file run.txt (compact mmCIF, C-alpha atoms and all ligand atoms)
# COMPACT_ATOMS: atom_id res chain seq x y z
CA MET A 1 0.00 0.00 0.00
CA GLU A 2 1.15 3.53 -0.73
CA LYS A 3 2.54 5.21 2.35
CA TYR A 4 1.35 8.63 1.22
CA PRO A 5 -1.72 7.96 -0.91
CA GLY A 6 -2.14 10.37 -3.79
CA LYS A 7 1.22 12.04 -3.31
CA LYS A 8 3.66 11.84 -6.20
CA ASN A 9 7.06 10.36 -5.44
CA THR A 10 9.35 13.25 -6.24
CA ALA A 11 13.09 13.51 -6.77
CA VAL A 12 14.79 16.88 -6.48
CA PHE A 13 18.03 17.52 -8.38
CA ILE A 14 20.33 20.22 -7.03
CA SER A 15 23.83 21.58 -7.56
CA GLY A 16 24.28 24.22 -4.88
CA LYS A 17 22.82 26.08 -2.00
CA GLY A 18 19.45 24.38 -2.06
CA SER A 19 17.18 27.20 -0.89
CA ASN A 20 14.53 26.05 -3.38
CA LEU A 21 14.98 22.48 -2.19
CA LYS A 22 14.33 23.73 1.31
CA SER A 23 11.11 25.43 0.26
CA LEU A 24 10.01 22.27 -1.56
CA ILE A 25 10.71 20.12 1.48
CA LYS A 26 8.66 22.48 3.64
CA TYR A 27 5.83 22.38 1.13
CA SER A 28 5.96 18.58 0.82
CA LYS A 29 5.40 18.23 4.55
CA LYS A 30 2.10 20.08 4.36
CA LYS A 31 -0.99 17.94 4.41
CA LYS A 32 -2.31 19.50 1.23
CA SER A 33 0.89 19.09 -0.78
CA LEU A 34 0.74 16.78 -3.76
CA ILE A 35 4.31 15.51 -3.52
CA LYS A 36 6.48 13.43 -1.28
CA ILE A 37 10.20 14.03 -1.71
CA ILE A 38 11.80 10.63 -1.72
CA LEU A 39 15.29 11.45 -2.86
CA VAL A 40 17.67 14.28 -3.61
CA ILE A 41 20.40 13.90 -6.20
CA SER A 42 23.29 16.32 -6.54
CA ASN A 43 25.90 16.46 -9.29
CA ASN A 44 28.03 18.53 -6.93
CA PRO A 45 29.28 16.43 -4.02
CA ASP A 46 29.70 19.57 -1.87
CA ALA A 47 26.26 21.07 -2.51
CA GLU A 48 25.15 22.79 0.66
CA GLY A 49 21.53 21.76 0.08
CA LEU A 50 22.42 18.13 0.79
CA LYS A 51 22.86 18.91 4.48
CA TYR A 52 19.32 20.16 4.85
CA ALA A 53 17.93 17.18 2.94
CA SER A 54 19.70 14.67 5.12
CA ARG A 55 18.63 16.50 8.27
CA SER A 56 15.10 16.09 6.93
CA LYS A 57 15.72 12.33 6.65
CA ILE A 58 15.54 12.31 2.88
CA LYS A 59 17.85 9.97 0.96
CA ILE A 60 20.65 11.89 -0.71
CA TYR A 61 22.92 10.79 -3.53
CA ARG A 62 26.06 12.49 -4.81
CA ILE A 63 26.81 11.60 -8.41
CA ASN A 64 29.53 13.70 -9.93
CA ASN A 65 29.40 14.68 -13.59
CA LYS A 66 32.30 12.44 -14.54
CA SER A 67 30.71 9.28 -13.25
CA ASN A 68 27.89 8.54 -15.66
CA PHE A 69 25.44 10.87 -13.96
CA GLU A 70 22.44 10.13 -16.13
CA ASN A 71 22.57 6.33 -16.04
CA LYS A 72 23.15 6.23 -12.31
CA SER A 73 20.30 8.67 -11.71
CA LEU A 74 17.92 6.71 -13.95
CA LYS A 75 18.59 3.57 -11.92
CA LEU A 76 17.83 5.39 -8.68
CA LEU A 77 14.70 7.02 -10.10
CA LYS A 78 13.42 3.61 -11.07
CA LYS A 79 14.34 2.06 -7.75
CA TYR A 80 12.40 4.75 -5.88
CA ASN A 81 9.38 4.63 -8.21
CA THR A 82 9.80 8.28 -9.05
CA ASP A 83 6.81 10.02 -10.63
CA LEU A 84 8.24 13.54 -10.94
CA ILE A 85 11.61 15.28 -10.99
CA CYS A 86 11.97 18.87 -9.80
CA LEU A 87 15.17 20.61 -10.80
CA ALA A 88 16.05 23.16 -8.15
CA GLY A 89 19.21 25.08 -8.95
CA PHE A 90 20.45 22.10 -10.95
CA MET A 91 23.16 23.44 -13.25
CA LYS A 92 23.66 20.48 -15.55
CA ILE A 93 21.80 20.10 -18.83
CA LEU A 94 19.90 16.82 -19.08
CA SER A 95 20.07 15.03 -22.41
CA GLY A 96 17.11 14.22 -24.64
CA ASN A 97 17.87 10.58 -24.01
CA PHE A 98 17.55 11.04 -20.24
CA ILE A 99 14.23 12.87 -20.61
CA LYS A 100 12.92 10.13 -22.89
CA GLN A 101 14.13 7.29 -20.67
CA PHE A 102 12.63 8.80 -17.53
CA SER A 103 9.37 9.30 -19.44
CA LYS A 104 7.61 11.18 -16.63
CA PRO A 105 7.43 14.93 -16.07
CA ILE A 106 10.47 17.02 -15.19
CA LEU A 107 10.02 20.59 -13.95
CA ASN A 108 12.60 23.33 -13.64
CA ILE A 109 12.79 26.72 -11.96
CA HIS A 110 14.59 29.42 -13.89
CA PRO A 111 15.48 32.90 -12.59
CA SER A 112 14.01 34.98 -15.41
CA LEU A 113 10.74 35.77 -17.10
CA LEU A 114 11.04 33.14 -19.82
CA PRO A 115 11.31 33.23 -22.79
CA LYS A 116 13.63 36.09 -21.85
CA TYR A 117 17.15 35.20 -20.72
CA LYS A 118 17.51 31.48 -21.13
CA GLY A 119 20.78 30.11 -19.79
CA LEU A 120 23.09 31.79 -17.30
CA ASN A 121 23.59 35.28 -15.79
CA THR A 122 19.93 36.22 -16.06
CA HIS A 123 20.05 39.04 -13.50
CA GLU A 124 23.17 40.61 -15.01
CA ARG A 125 21.45 40.68 -18.39
CA ALA A 126 18.18 42.13 -17.06
CA ILE A 127 20.04 44.95 -15.28
CA LYS A 128 22.32 45.64 -18.24
CA ASN A 129 19.31 45.91 -20.54
CA LYS A 130 17.63 48.30 -18.10
CA ASP A 131 14.57 46.04 -17.84
CA ARG A 132 11.82 47.27 -15.54
CA PHE A 133 10.98 43.77 -14.34
CA ALA A 134 12.78 40.55 -13.53
CA GLY A 135 11.25 37.37 -12.21
CA ALA A 136 11.18 33.61 -12.13
CA SER A 137 9.50 30.89 -14.16
CA ILE A 138 8.65 27.25 -13.61
CA HIS A 139 8.53 25.28 -16.81
CA LYS A 140 8.45 21.75 -18.13
CA VAL A 141 11.83 20.42 -19.12
CA THR A 142 12.31 19.46 -22.75
CA GLU A 143 15.36 18.78 -24.86
CA LYS A 144 15.70 22.48 -25.66
CA LEU A 145 17.27 24.51 -22.86
CA ASP A 146 14.77 26.54 -20.77
CA SER A 147 12.17 26.28 -23.53
CA GLY A 148 9.41 23.94 -22.28
CA LYS A 149 5.90 25.11 -21.50
CA VAL A 150 5.79 27.70 -18.72
CA ILE A 151 3.56 26.64 -15.84
CA LEU A 152 3.84 29.70 -13.65
CA GLN A 153 5.87 32.88 -13.44
CA LYS A 154 6.02 35.93 -11.24
CA LYS A 155 7.53 39.37 -11.72
CA VAL A 156 9.49 41.64 -9.42
CA LYS A 157 10.29 45.26 -10.09
CA ILE A 158 13.91 46.17 -10.79
CA LEU A 159 14.70 49.35 -8.88
CA LYS A 160 17.39 51.82 -9.93
CA THR A 161 19.21 50.90 -6.75
CA ASP A 162 19.23 47.16 -7.50
CA ASP A 163 22.43 45.32 -8.29
CA VAL A 164 22.85 41.63 -9.17
CA ARG A 165 23.03 40.66 -5.54
CA SER A 166 19.89 42.46 -4.40
CA LEU A 167 17.96 41.34 -7.45
CA LYS A 168 18.99 37.72 -6.94
CA LYS A 169 17.75 37.92 -3.38
CA LYS A 170 14.40 39.38 -4.41
CA VAL A 171 13.91 36.82 -7.16
CA LEU A 172 14.86 33.91 -4.89
CA LYS A 173 12.18 35.00 -2.47
CA ILE A 174 9.49 34.70 -5.13
CA GLU A 175 11.01 31.44 -6.39
CA HIS A 176 10.36 29.89 -3.00
CA GLU A 177 6.79 31.08 -3.18
CA ILE A 178 5.93 30.00 -6.72
CA TYR A 179 7.64 26.62 -7.08
CA PRO A 180 5.23 24.83 -4.71
CA LYS A 181 2.29 26.64 -6.35
CA ALA A 182 3.45 25.61 -9.81
CA ILE A 183 3.77 21.98 -8.74
CA ASN A 184 0.25 22.04 -7.36
CA LYS A 185 -1.06 23.64 -10.53
CA PHE A 186 0.80 21.21 -12.76
CA LEU A 187 -0.25 18.07 -10.90
CA THR A 188 -3.86 19.17 -10.58
CA ASN A 189 -4.08 19.67 -14.34
CA LEU A 190 -2.40 16.41 -15.35
C1 LIG B 201 17.96 29.72 -8.31
O1 LIG B 201 17.90 31.10 -8.52
C2 LIG B 201 17.44 28.98 -9.54
O2 LIG B 201 16.37 29.62 -10.17
C3 LIG B 201 18.67 28.97 -10.40
O3 LIG B 201 19.74 28.73 -9.50
C4 LIG B 201 19.40 29.25 -8.22
C5 LIG B 201 19.59 28.12 -7.21
O4 LIG B 201 19.40 28.56 -5.90
N1 LIG B 201 18.58 27.99 -11.42
C6 LIG B 201 19.15 28.11 -12.60
O5 LIG B 201 19.81 29.07 -12.92
C7 LIG B 201 18.92 26.95 -13.54
N2 LIG B 201 19.36 27.27 -14.84
P1 LIG B 201 19.17 27.50 -4.72
O6 LIG B 201 20.27 26.44 -4.85
O7 LIG B 201 19.32 28.31 -3.48
O8 LIG B 201 17.80 26.91 -4.88
call {"tool": "encode", "arguments": {"input": "run.txt", "output": "structure tokens", "more": "lines below"}}
Ligand code: GAR
result
Amino acid sequence: MEKYPGKKNTAVFISGKGSNLKSLIKYSKKKKSLIKIILVISNNPDAEGLKYASRSKIKIYRINNKSNFENKSLKLLKKYNTDLICLAGFMKILSGNFIKQFSKPILNIHPSLLPKYKGLNTHERAIKNKDRFAGASIHKVTEKLDSGKVILQKKVKILKTDDVRSLKKKVLKIEHEIYPKAINKFLTNL
């Protein structure tokens, strides 16, 4: 019998600090959440986010990029009956083959108002272009980088006084707010 009936077995992939992972773990513990986080995989063995995950009694796996990351992850995802992957600050590009083999949904959070600023250094680019707004988007992962269907996004105003650091902080705050909402929206409309 399912331990958490109705909740999707979810794997979170990270590479760094893990503040989004933290917000997803908090959300997953809520009665109304639609996910149960069953494992966290990091391609960076030193990712800070791993500490929080293991304190939360979630299985963690470190698989560095040189050691067949995709095949090892696929085996784990299968072993844990994973229904959904959430990328949360995961800085490696997954191949089309991986996406096909996993065959279930993969979501990503990206720190820009997609389709603007795919890839890296999103805040630098928004400030340099004197944009009035920045923001974050949650989208489905496809073979094409940061190009899958957007599920949810939210804007923040860029003030004249903002620099990359302050903007990053503001955007991260909304990321933590909208990732759980996007998951709920996505899973409810499946
Ligand atoms: C977040 O801003 C996330 O949107 C971004 O990395 C940061 C990770 O922070 N992701 C990407 O740039 C993916 N291309 P976190 O480790 O504290 O969640």
call {"tool": "closest_residue", "arguments": {"input": "run.txt", "among": "A:Asn44, A:Ser15, A:Ser112, A:Ser33", "to": "Lys181 of chain A", "atoms": "all atoms listed in the file"}}
result
A:Ser33
call {"tool": "residues_around", "arguments": {"input": "run.txt", "residues": "Phe102 of chain A", "least_positions_apart": "5", "cutoff": "9 Å", "atoms": "only C-alpha atoms", "output": "list in words"}}
result
Leu74, Leu77, Lys78, Thr82 and Asn97 of chain A
call {"tool": "closest_residue", "arguments": {"input": "run.txt", "among": "A:His139, A:Arg55, A:Arg165, A:Lys92", "to": "Leu120 of chain A", "atoms": "all atoms listed in the file"}}
result
A:Lys92
call {"tool": "axis_aligned_box", "arguments": {"input": "run.txt", "around": "ligand LIG 201 (chain B)", "padding_each_side": "3 Å", "output": "lines of an AutoDock Vina configuration file"}}
result
center_x = 18.3
center_y = 28.8
center_z = -9.2
size_x = 9.9
size_y = 10.7
size_z = 17.4
call {"tool": "closest_residue", "arguments": {"input": "run.txt", "among": "A:Asn64, A:Asn81, A:Thr188, A:Ser19", "to": "ligand LIG 201 (chain B)", "atoms": "all atoms listed in the file"}}
result
A:Ser19
call {"tool": "closest_residue", "arguments": {"input": "run.txt", "among": "A:Ser67, A:Leu159, A:Lys169, A:Leu24", "to": "Pro45 of chain A", "atoms": "all atoms listed in the file"}}
result
A:Ser67
call {"tool": "residues_near_point", "arguments": {"input": "run.txt", "point": "(9.7, 18.7, -16.2)", "cutoff": "8 Å", "atoms": "only C-alpha atoms", "output": "list in words"}}
result
Leu84, Ile85, Cys86, Leu87, Lys104, Pro105, Ile106, Leu107, Asn108, His139, Lys140, Val141 and Thr142 of chain A
call {"tool": "closest_atom_pairs", "arguments": {"input": "run.txt", "of": "chain A", "to": "ligand LIG 201 (chain B)", "cutoff": "8 Å", "atoms": "only C-alpha atoms and all ligand atoms", "output": "Markdown table"}}
result
| residue | atom | partner | partner_atom | distance |
| --- | --- | --- | --- | --- |
| A:Ile14 | CA | B:LIG201 | O6 | 6.6 |
| A:Ser15 | CA | B:LIG201 | O6 | 6.6 |
| A:Gly16 | CA | B:LIG201 | O6 | 4.6 |
| A:Lys17 | CA | B:LIG201 | O6 | 3.8 |
| A:Gly18 | CA | B:LIG201 | O6 | 3.6 |
| A:Ser19 | CA | B:LIG201 | O7 | 3.5 |
| A:Asn20 | CA | B:LIG201 | O8 | 3.7 |
| A:Leu21 | CA | B:LIG201 | O8 | 5.9 |
| A:Lys22 | CA | B:LIG201 | O8 | 7.8 |
| A:Gly49 | CA | B:LIG201 | O6 | 6.9 |
| A:Leu87 | CA | B:LIG201 | C7 | 7.9 |
| A:Ala88 | CA | B:LIG201 | O8 | 5.3 |
| A:Gly89 | CA | B:LIG201 | C5 | 3.5 |
| A:Phe90 | CA | B:LIG201 | C7 | 5.7 |
| A:Met91 | CA | B:LIG201 | C7 | 5.5 |
| A:Asn108 | CA | B:LIG201 | C7 | 7.3 |
| A:Ile109 | CA | B:LIG201 | O2 | 4.9 |
| A:His110 | CA | B:LIG201 | O2 | 4.1 |
| A:Pro111 | CA | B:LIG201 | O2 | 4.2 |
| A:Ser112 | CA | B:LIG201 | O2 | 7.9 |
| A:Lys118 | CA | B:LIG201 | N2 | 7.8 |
| A:Gly119 | CA | B:LIG201 | N2 | 5.9 |
| A:Leu120 | CA | B:LIG201 | O5 | 6.1 |
| A:Asn121 | CA | B:LIG201 | O5 | 7.8 |
| A:Thr122 | CA | B:LIG201 | O5 | 7.8 |
| A:Ala136 | CA | B:LIG201 | O2 | 6.8 |
| A:Asp146 | CA | B:LIG201 | N2 | 7.5 |
| A:Lys168 | CA | B:LIG201 | O1 | 6.9 |
| A:Val171 | CA | B:LIG201 | O1 | 7.1 |
| A:Leu172 | CA | B:LIG201 | O1 | 5.5 |
| A:Glu175 | CA | B:LIG201 | O2 | 6.8 |
call {"tool": "residues_around", "arguments": {"input": "run.txt", "residues": "Ser56 of chain A", "least_positions_apart": "4", "cutoff": "9 Å", "atoms": "only C-alpha atoms", "output": "list in words"}}
result
Ile25, Lys51 and Tyr52 of chain A
call {"tool": "atom_distance", "arguments": {"input": "run.txt", "atom1": "atom CA of Leu113 of chain A", "atom2": "atom CA of Lys26 of chain A"}}
result
24.7 Å
call {"tool": "atom_distance", "arguments": {"input": "run.txt", "atom1": "atom CA of Tyr80 of chain A", "atom2": "atom CA of Ile38 of chain A"}}
result
7.2 Å
call {"tool": "closest_residue", "arguments": {"input": "run.txt", "among": "A:Lys31, A:His176, A:Lys157, A:Lys185", "to": "Phe133 of chain A", "atoms": "only C-alpha atoms"}}
result
A:Lys157
